[in-house]
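What follows is the content of my_file33.cif (mmCIF, C-alpha atoms).
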```cif
data_input
#
loop_
_atom_site.group_PDB
_atom_site.id
_atom_site.type_symbol
_atom_site.label_atom_id
_atom_site.label_comp_id
_atom_site.auth_asym_id
_atom_site.auth_seq_id
_atom_site.Cartn_x
_atom_site.Cartn_y
_atom_site.Cartn_z
ATOM 1 C CA MET X 82 87.779 -45.490 19.024
ATOM 2 C CA PRO X 83 84.106 -46.448 18.693
ATOM 3 C CA ASP X 84 81.862 -43.849 17.074
ATOM 4 C CA ASP X 85 79.696 -43.504 20.193
ATOM 5 C CA VAL X 86 82.727 -42.730 22.377
ATOM 6 C CA ALA X 87 84.081 -40.247 19.821
ATOM 7 C CA ALA X 88 80.668 -38.543 19.683
ATOM 8 C CA ALA X 89 80.460 -38.388 23.495
ATOM 9 C CA LEU X 90 83.945 -36.864 23.667
ATOM 10 C CA ALA X 91 83.093 -34.292 20.993
ATOM 11 C CA ALA X 92 79.874 -33.335 22.807
ATOM 12 C CA ALA X 93 81.693 -33.070 26.153
ATOM 13 C CA TRP X 94 84.404 -30.934 24.545
ATOM 14 C CA ASP X 95 81.800 -28.603 23.028
ATOM 15 C CA ALA X 96 80.041 -28.320 26.421
ATOM 16 C CA ARG X 97 83.201 -27.621 28.444
ATOM 17 C CA PRO X 98 83.235 -24.425 30.541
ATOM 18 C CA SER X 99 84.717 -21.368 28.845
ATOM 19 C CA ASP X 100 87.519 -21.268 31.428
ATOM 20 C CA TYR X 101 88.493 -24.927 30.906
ATOM 21 C CA TYR X 102 92.237 -25.476 30.890
ATOM 22 C CA ALA X 103 93.620 -28.622 29.259
ATOM 23 C CA ARG X 104 96.471 -29.801 31.489
ATOM 24 C CA THR X 105 98.877 -30.853 28.757
ATOM 25 C CA ARG X 106 101.861 -29.693 26.796
ATOM 26 C CA HIS X 107 100.615 -31.617 23.744
ATOM 27 C CA LEU X 108 98.717 -28.848 21.952
ATOM 28 C CA ARG X 109 97.494 -28.343 18.410
ATOM 29 C CA GLU X 110 98.229 -25.135 16.531
ATOM 30 C CA ASP X 111 94.837 -23.724 17.592
ATOM 31 C CA GLY X 112 95.740 -24.223 21.278
ATOM 32 C CA GLY X 113 93.425 -27.173 21.861
ATOM 33 C CA PRO X 114 94.750 -30.452 23.234
ATOM 34 C CA ARG X 115 96.169 -32.904 20.717
ATOM 35 C CA PHE X 116 94.798 -35.850 22.730
ATOM 36 C CA VAL X 117 91.407 -36.367 24.376
ATOM 37 C CA ASN X 118 90.732 -39.771 25.909
ATOM 38 C CA ARG X 119 87.832 -41.389 27.770
ATOM 39 C CA LEU X 120 88.899 -39.852 31.077
ATOM 40 C CA PHE X 121 87.517 -36.538 29.796
ATOM 41 C CA LEU X 122 84.041 -38.035 30.323
ATOM 42 C CA GLU X 123 84.688 -38.779 34.012
ATOM 43 C CA THR X 124 83.751 -36.592 36.999
ATOM 44 C CA SER X 125 86.809 -37.394 39.133
ATOM 45 C CA PRO X 126 89.308 -34.492 39.149
ATOM 46 C CA TYR X 127 92.177 -37.004 39.371
ATOM 47 C CA LEU X 128 91.026 -38.897 36.288
ATOM 48 C CA ARG X 129 90.243 -35.723 34.355
ATOM 49 C CA GLN X 130 93.758 -34.368 34.858
ATOM 50 C CA HIS X 131 94.935 -37.261 32.664
ATOM 51 C CA ALA X 132 92.286 -36.759 29.960
ATOM 52 C CA HIS X 133 94.807 -35.203 27.566
ATOM 53 C CA ASN X 134 97.700 -37.639 28.026
ATOM 54 C CA PRO X 135 99.038 -39.317 24.883
ATOM 55 C CA VAL X 136 97.772 -42.621 26.336
ATOM 56 C CA ASP X 137 94.389 -44.119 25.511
ATOM 57 C CA TRP X 138 93.398 -44.448 29.180
ATOM 58 C CA TYR X 139 90.147 -46.162 30.095
ATOM 59 C CA PRO X 140 88.319 -45.697 33.384
ATOM 60 C CA TRP X 141 87.784 -48.930 35.327
ATOM 61 C CA GLY X 142 84.719 -50.653 33.927
ATOM 62 C CA GLU X 143 83.227 -53.129 31.488
ATOM 63 C CA GLU X 144 84.618 -51.425 28.390
ATOM 64 C CA ALA X 145 88.203 -51.748 29.672
ATOM 65 C CA LEU X 146 87.692 -55.321 30.850
ATOM 66 C CA ASN X 147 86.058 -56.383 27.578
ATOM 67 C CA ARG X 148 88.878 -54.894 25.499
ATOM 68 C CA ALA X 149 91.526 -56.631 27.614
ATOM 69 C CA ARG X 150 89.717 -59.964 27.222
ATOM 70 C CA ARG X 151 89.144 -59.492 23.495
ATOM 71 C CA GLU X 152 92.809 -58.599 22.858
ATOM 72 C CA ASP X 153 94.130 -61.071 25.460
ATOM 73 C CA LYS X 154 96.136 -58.313 27.163
ATOM 74 C CA PRO X 155 96.830 -57.624 30.817
ATOM 75 C CA ILE X 156 95.362 -54.562 32.502
ATOM 76 C CA PHE X 157 97.662 -51.802 33.708
ATOM 77 C CA LEU X 158 95.872 -50.459 36.761
ATOM 78 C CA SER X 159 96.994 -47.040 37.945
ATOM 79 C CA ILE X 160 95.918 -46.254 41.492
ATOM 80 C CA GLY X 161 97.695 -42.925 41.712
ATOM 81 C CA TYR X 162 96.687 -39.916 43.711
ATOM 82 C CA SER X 163 96.518 -36.199 43.192
ATOM 83 C CA ALA X 164 98.681 -33.960 45.351
ATOM 84 C CA CYS X 165 100.375 -30.600 45.236
ATOM 85 C CA HIS X 166 103.871 -30.276 43.770
ATOM 86 C CA TRP X 167 105.574 -30.263 47.177
ATOM 87 C CA CYS X 168 103.821 -33.469 48.206
ATOM 88 C CA HIS X 169 105.456 -35.192 45.233
ATOM 89 C CA VAL X 170 109.028 -34.096 46.042
#
```

Now that the file is in, can you turn its structure into structure tokens?
Amino acid sequence: MPDDVAAALAAAWDARPSDYYARTRHLREDGGPRFVNRLFLETSPYLRQHAHNPVDWYPWGEEALNRARREDKPIFLSIGYSACHWCHV
């Protein structure tokens, strides 16, 4: 992860509200999330609920496109939605 992204994530983590709840079961011993990806920097509630997945998710943008080009890899585009539990079953 580039230093500027890591610094932005650290600053965003330090500035999180005191009642912030990391939606993940992947926790460190101190209770914090084991994973924090770029989605933590987004404002969308849907994207932010995946900010602690063990996947290095990128929001749609130049950084994601440039990495895919540079590594000659396809893009996995998730166009999911957020719904209550009963809407999923």

Counting all atoms listed in the file, which residues come within 10 Å of (101.1, -31.6, 34.2), with the point read in the file's coordinates, and could you list them as a PyMOL selection string?
chain X and resi 103-106+130-131+133-134

Go ahead and write the selection's residues with C-alpha atoms as a CSV table (one decimal), in the coordinates of the input.
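File produced: result_39.csv:
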```
chain,number,residue,atom,x,y,z
X,103,ALA,CA,93.6,-28.6,29.3
X,104,ARG,CA,96.5,-29.8,31.5
X,105,THR,CA,98.9,-30.9,28.8
X,106,ARG,CA,101.9,-29.7,26.8
X,130,GLN,CA,93.8,-34.4,34.9
X,131,HIS,CA,94.9,-37.3,32.7
X,133,HIS,CA,94.8,-35.2,27.6
X,134,ASN,CA,97.7,-37.6,28.0
```

Would you translate the PyMOL selection byres ((chain X and resi 122-129) around 8) into the concrete set of residues it matches in this file, as an mmCIF file with C-alpha atoms, in the frame of the given file?
```
data_model
loop_
_atom_site.group_PDB
_atom_site.id
_atom_site.type_symbol
_atom_site.label_atom_id
_atom_site.label_comp_id
_atom_site.auth_asym_id
_atom_site.auth_seq_id
_atom_site.Cartn_x
_atom_site.Cartn_y
_atom_site.Cartn_z
ATOM 1 C CA ALA X 89 80.460 -38.388 23.495
ATOM 2 C CA LEU X 90 83.945 -36.864 23.667
ATOM 3 C CA ALA X 93 81.693 -33.070 26.153
ATOM 4 C CA ARG X 119 87.832 -41.389 27.770
ATOM 5 C CA LEU X 120 88.899 -39.852 31.077
ATOM 6 C CA PHE X 121 87.517 -36.538 29.796
ATOM 7 C CA GLN X 130 93.758 -34.368 34.858
ATOM 8 C CA HIS X 131 94.935 -37.261 32.664
ATOM 9 C CA ALA X 132 92.286 -36.759 29.960
ATOM 10 C CA PRO X 140 88.319 -45.697 33.384
ATOM 11 C CA TYR X 162 96.687 -39.916 43.711
ATOM 12 C CA SER X 163 96.518 -36.199 43.192
#
```

How big is the axis-aligned box around the listed atoms of range 105-115 of chain X once 4 Å is added on each side, and where is its centre? Give both in Å to one decimal, as JSON.
```
{"center_x": 97.6, "center_y": -28.3, "center_z": 22.6, "size_x": 16.4, "size_y": 17.2, "size_z": 20.2}
```

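Interatomic distance, CA of Gly113 in chain X to CA of Trp141 in chain X: 26.2 Å.
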
Straight-line distance linking CA of Ala164 in chain X with CA of Asp111 in chain X, stated in Å to one decimal:
29.8 Å

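Relative to CA of Phe116 in chain X, CA of Ile160 in chain X is found at 21.5 Å.
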